[in-house]
$ cat query36.csv   # CSV, C-alpha atoms
chain,number,residue,atom,x,y,z
A,1,MET,CA,9.6,18.1,24.8
A,2,GLY,CA,13.4,17.4,25.2
A,3,ALA,CA,13.2,14.0,23.4
A,4,ALA,CA,11.1,15.5,20.6
A,5,THR,CA,13.7,18.3,20.2
A,6,ALA,CA,16.6,15.8,20.2
A,7,LEU,CA,14.9,13.6,17.6
A,8,TYR,CA,14.0,16.6,15.4
A,9,SER,CA,17.7,17.6,15.7
A,10,ALA,CA,18.7,14.1,14.5
A,11,THR,CA,16.6,14.5,11.3
A,12,CYS,CA,18.0,18.0,10.8
A,13,HIS,CA,21.5,16.6,11.1
A,14,ALA,CA,20.7,14.0,8.5
A,15,PHE,CA,19.4,16.6,6.0
A,16,SER,CA,22.0,19.3,7.0
A,17,GLN,CA,19.0,21.7,7.3
A,18,TYR,CA,16.0,22.6,9.4
A,19,GLY,CA,12.5,21.8,8.2
A,20,ASN,CA,12.2,25.3,6.9
A,21,GLY,CA,15.4,24.9,4.7
A,22,SER,CA,17.8,26.9,6.8
A,23,PRO,CA,21.2,25.3,7.2
A,24,TYR,CA,21.7,23.1,10.2
A,25,ARG,CA,25.3,23.6,11.2
A,26,VAL,CA,25.4,21.4,14.3
A,27,ASN,CA,27.5,18.3,14.1
A,28,LEU,CA,25.8,15.7,16.3
A,29,SER,CA,27.8,12.8,17.7
A,30,ALA,CA,24.9,11.0,19.3
A,31,VAL,CA,21.3,11.5,20.3
A,32,VAL,CA,19.5,10.4,23.5
A,33,GLY,CA,15.7,10.6,23.9
A,34,LEU,CA,13.8,9.8,27.1
A,35,SER,CA,10.1,9.2,27.0
A,36,GLY,CA,9.5,11.1,23.8
A,37,TRP,CA,8.2,11.1,20.3
A,38,LEU,CA,9.4,12.1,16.8
A,39,PRO,CA,8.0,15.3,15.3
A,40,CYS,CA,7.3,15.2,11.5
A,41,SER,CA,7.2,11.4,11.5
A,42,ARG,CA,4.6,11.2,8.7
A,43,THR,CA,6.9,12.8,6.2
A,44,LEU,CA,10.4,11.5,7.2
A,45,ARG,CA,10.5,8.4,5.1
A,46,ARG,CA,9.4,10.2,2.0
A,47,ARG,CA,11.9,13.0,2.5
A,48,MET,CA,14.8,10.5,3.0
A,49,GLN,CA,14.1,8.7,-0.3
A,50,GLY,CA,16.8,9.5,-2.9
A,51,VAL,CA,18.8,11.8,-0.6
A,52,ASN,CA,22.0,9.7,-0.3
A,53,ASP,CA,23.9,12.1,1.9
A,54,ALA,CA,21.0,12.2,4.3
A,55,VAL,CA,20.8,8.5,4.4
A,56,ARG,CA,24.5,8.2,5.0
A,57,ARG,CA,24.4,10.7,7.9
A,58,ALA,CA,21.3,9.1,9.4
A,59,ALA,CA,22.9,5.6,9.3
A,60,SER,CA,26.0,6.7,11.1
A,61,LEU,CA,24.2,8.7,13.9
A,62,PRO,CA,23.9,6.7,17.2
A,63,ILE,CA,20.5,7.1,18.8
A,64,LEU,CA,19.3,5.8,22.2
A,65,LEU,CA,15.6,5.9,23.0
A,66,CYS,CA,14.4,4.9,26.4
A,67,HIS,CA,10.7,4.7,27.3
A,68,GLY,CA,8.6,3.2,30.1
A,69,THR,CA,5.5,1.2,29.4
A,70,GLY,CA,3.7,3.0,32.2
A,71,ASP,CA,4.2,6.5,30.8
A,72,ASP,CA,1.0,8.4,31.1
A,73,VAL,CA,2.3,11.7,29.6
A,74,VAL,CA,3.8,10.3,26.3
A,75,ALA,CA,2.4,6.8,25.7
A,76,TYR,CA,4.9,4.1,25.2
A,77,GLN,CA,3.4,3.4,21.7
A,78,HIS,CA,4.5,6.8,20.6
A,79,GLY,CA,8.1,6.1,21.5
A,80,GLU,CA,7.9,2.7,19.9
A,81,LYS,CA,6.4,4.1,16.7
A,82,SER,CA,9.1,6.8,16.6
A,83,ALA,CA,11.8,4.1,16.8
A,84,ARG,CA,10.2,2.2,14.0
A,85,ILE,CA,9.9,5.2,11.7
A,86,LEU,CA,13.5,6.3,12.4
A,87,SER,CA,14.8,2.8,11.7
A,88,SER,CA,12.8,2.4,8.5
A,89,SER,CA,14.0,5.9,7.4
A,90,GLY,CA,17.6,4.9,7.5
A,91,PHE,CA,18.6,5.6,11.1
A,92,GLN,CA,20.2,2.2,11.5
A,93,ASN,CA,22.3,2.8,14.6
A,94,LEU,CA,19.2,3.0,16.9
A,95,THR,CA,18.6,1.3,20.2
A,96,LEU,CA,15.2,1.3,21.9
A,97,ARG,CA,15.3,0.4,25.6
A,98,THR,CA,12.0,-0.4,27.2
A,99,TYR,CA,11.4,-0.2,30.9
A,100,GLU,CA,8.4,-2.2,32.1
A,101,GLY,CA,6.0,-0.2,34.2
A,102,LEU,CA,8.1,3.0,34.2
A,103,GLY,CA,6.2,6.3,34.1
A,104,HIS,CA,7.3,9.6,32.7
A,105,TYR,CA,10.4,9.9,35.0
A,106,THR,CA,13.8,8.3,35.2
A,107,ILE,CA,15.2,5.6,37.5
A,108,PRO,CA,18.8,4.7,38.3
A,109,GLU,CA,18.8,1.7,36.0
A,110,GLU,CA,17.9,4.0,33.1
A,111,THR,CA,20.5,6.7,33.9
A,112,ASP,CA,23.2,3.9,34.3
A,113,GLU,CA,22.2,2.6,30.8
A,114,ILE,CA,22.5,6.1,29.3
A,115,CYS,CA,26.0,6.5,30.9
A,116,ARG,CA,27.1,3.1,29.5
A,117,TRP,CA,25.7,3.9,26.1
A,118,LEU,CA,27.2,7.3,25.9
A,119,SER,CA,30.6,6.0,27.0
A,120,ALA,CA,30.5,3.2,24.4
A,121,ASN,CA,29.2,5.4,21.5
A,122,LEU,CA,31.3,8.4,22.2
A,123,CYS,CA,34.4,6.3,23.0
A,124,LEU,CA,34.7,8.0,26.4
A,125,GLY,CA,36.1,5.0,28.2
A,126,GLY,CA,35.2,4.0,31.7
A,127,THR,CA,31.6,3.4,32.8

$ encode --input "query36.csv" --output "structure tokens"
Amino acid sequence: MGAATALYSATCHAFSQYGNGSPYRVNLSAVVGLSGWLPCSRTLRRRMQGVNDAVRRAASLPILLCHGTGDDVVAYQHGEKSARILSSSGFQNLTLRTYEGLGHYTIPEETDEICRWLSANLCLGGT
């Protein structure tokens, strides 16, 4: 559920509010989701239409999604669909990293990729 929460937070950041209308006061700098899916995906594109501030915030938020094709907990297709919906809804700074055969767990290659991505997107320097 961590990736689902992170991706829901990305949408709340874009709209500056939770789905129930309460203010979302967290200023996200980046979002990472591992082996997850996007809640509320069916309504996201429609909600984004005509909300220029949300589109601007969505476009500037870096998102890294990592998913293995062998995931038997959250099927890879759910992660791939989540990436497509986010991209088509205005989240333009999105990277989907696919790991062939990886199940619902992490491997050193994936954690190294996350460290590099965070360092680059948060201007942390180093590797």

$ residues_around --input "query36.csv" --residues "region 6-14 of chain A" --least-positions-apart "6" --cutoff "12 Å" --atoms "only C-alpha atoms" --output "PyMOL selection string"
chain A and resi 20-41+43-45+47-48+51-65+79+82-83+85-87+89-91+93-94

$ closest_residue --input "query36.csv" --among "A:Cys115, A:Arg42, A:Asn121, A:Tyr18" --to "Arg84 (chain A)" --atoms "only C-alpha atoms"
A:Arg42

$ closest_residue --input "query36.csv" --among "A:Ser16, A:Glu100, A:Arg46, A:Gly2" --to "Ser88 (chain A)" --atoms "all atoms listed in the file"
A:Arg46

$ closest_residue --input "query36.csv" --among "A:Phe15, A:His67, A:Ser119, A:Pro108" --to "Ala3 (chain A)" --atoms "only C-alpha atoms"
A:His67

$ build_atoms --input "query36.csv" --residues "region 56-77 of chain A" --atoms "N, CA and C atoms" --output "PDB file, keeping the file's coordinate frame"
ATOM      1  N   ARG A  56      23.182   8.482   4.469  1.00  0.00           N
ATOM      2  CA  ARG A  56      24.500   8.200   5.000  1.00  0.00           C
ATOM      3  C   ARG A  56      24.670   8.783   6.411  1.00  0.00           C
ATOM      4  N   ARG A  57      24.291  10.046   6.563  1.00  0.00           N
ATOM      5  CA  ARG A  57      24.400  10.700   7.900  1.00  0.00           C
ATOM      6  C   ARG A  57      23.475  10.056   8.897  1.00  0.00           C
ATOM      7  N   ALA A  58      22.274   9.712   8.465  1.00  0.00           N
ATOM      8  CA  ALA A  58      21.300   9.100   9.400  1.00  0.00           C
ATOM      9  C   ALA A  58      21.846   7.711   9.840  1.00  0.00           C
ATOM     10  N   ALA A  59      22.402   6.949   8.927  1.00  0.00           N
ATOM     11  CA  ALA A  59      22.900   5.600   9.300  1.00  0.00           C
ATOM     12  C   ALA A  59      24.017   5.621  10.268  1.00  0.00           C
ATOM     13  N   SER A  60      24.797   6.683  10.270  1.00  0.00           N
ATOM     14  CA  SER A  60      26.000   6.700  11.100  1.00  0.00           C
ATOM     15  C   SER A  60      25.716   7.395  12.493  1.00  0.00           C
ATOM     16  N   LEU A  61      24.528   7.948  12.706  1.00  0.00           N
ATOM     17  CA  LEU A  61      24.200   8.700  13.900  1.00  0.00           C
ATOM     18  C   LEU A  61      23.679   7.722  15.010  1.00  0.00           C
ATOM     19  N   PRO A  62      24.394   7.512  16.111  1.00  0.00           N
ATOM     20  CA  PRO A  62      23.900   6.700  17.200  1.00  0.00           C
ATOM     21  C   PRO A  62      22.713   7.347  17.910  1.00  0.00           C
ATOM     22  N   ILE A  63      21.624   6.605  18.099  1.00  0.00           N
ATOM     23  CA  ILE A  63      20.500   7.100  18.800  1.00  0.00           C
ATOM     24  C   ILE A  63      20.039   6.114  19.870  1.00  0.00           C
ATOM     25  N   LEU A  64      19.826   6.598  21.081  1.00  0.00           N
ATOM     26  CA  LEU A  64      19.300   5.800  22.200  1.00  0.00           C
ATOM     27  C   LEU A  64      17.946   6.360  22.574  1.00  0.00           C
ATOM     28  N   LEU A  65      16.914   5.535  22.492  1.00  0.00           N
ATOM     29  CA  LEU A  65      15.600   5.900  23.000  1.00  0.00           C
ATOM     30  C   LEU A  65      15.232   5.042  24.150  1.00  0.00           C
ATOM     31  N   CYS A  66      14.815   5.665  25.243  1.00  0.00           N
ATOM     32  CA  CYS A  66      14.400   4.900  26.400  1.00  0.00           C
ATOM     33  C   CYS A  66      12.943   5.350  26.725  1.00  0.00           C
ATOM     34  N   HIS A  67      12.108   4.358  27.031  1.00  0.00           N
ATOM     35  CA  HIS A  67      10.700   4.700  27.300  1.00  0.00           C
ATOM     36  C   HIS A  67      10.105   3.632  28.217  1.00  0.00           C
ATOM     37  N   GLY A  68       9.304   4.093  29.148  1.00  0.00           N
ATOM     38  CA  GLY A  68       8.600   3.200  30.100  1.00  0.00           C
ATOM     39  C   GLY A  68       7.229   2.844  29.573  1.00  0.00           C
ATOM     40  N   THR A  69       6.827   1.619  29.815  1.00  0.00           N
ATOM     41  CA  THR A  69       5.500   1.200  29.400  1.00  0.00           C
ATOM     42  C   THR A  69       4.374   1.785  30.195  1.00  0.00           C
ATOM     43  N   GLY A  70       4.696   2.362  31.350  1.00  0.00           N
ATOM     44  CA  GLY A  70       3.700   3.000  32.200  1.00  0.00           C
ATOM     45  C   GLY A  70       3.609   4.500  32.040  1.00  0.00           C
ATOM     46  N   ASP A  71       4.225   5.045  31.003  1.00  0.00           N
ATOM     47  CA  ASP A  71       4.200   6.500  30.800  1.00  0.00           C
ATOM     48  C   ASP A  71       2.835   6.993  30.474  1.00  0.00           C
ATOM     49  N   ASP A  72       2.310   7.874  31.321  1.00  0.00           N
ATOM     50  CA  ASP A  72       1.000   8.400  31.100  1.00  0.00           C
ATOM     51  C   ASP A  72       1.010   9.838  30.515  1.00  0.00           C
ATOM     52  N   VAL A  73       2.200  10.342  30.204  1.00  0.00           N
ATOM     53  CA  VAL A  73       2.300  11.700  29.600  1.00  0.00           C
ATOM     54  C   VAL A  73       2.571  11.484  28.073  1.00  0.00           C
ATOM     55  N   VAL A  74       3.564  10.687  27.693  1.00  0.00           N
ATOM     56  CA  VAL A  74       3.800  10.300  26.300  1.00  0.00           C
ATOM     57  C   VAL A  74       3.702   8.779  26.274  1.00  0.00           C
ATOM     58  N   ALA A  75       2.623   8.278  25.720  1.00  0.00           N
ATOM     59  CA  ALA A  75       2.400   6.800  25.700  1.00  0.00           C
ATOM     60  C   ALA A  75       3.544   6.077  25.096  1.00  0.00           C
ATOM     61  N   TYR A  76       3.838   4.923  25.661  1.00  0.00           N
ATOM     62  CA  TYR A  76       4.900   4.100  25.200  1.00  0.00           C
ATOM     63  C   TYR A  76       4.798   3.826  23.654  1.00  0.00           C
ATOM     64  N   GLN A  77       3.594   3.653  23.173  1.00  0.00           N
ATOM     65  CA  GLN A  77       3.400   3.400  21.700  1.00  0.00           C
ATOM     66  C   GLN A  77       3.930   4.487  20.857  1.00  0.00           C
TER      67      GLN A  77
END
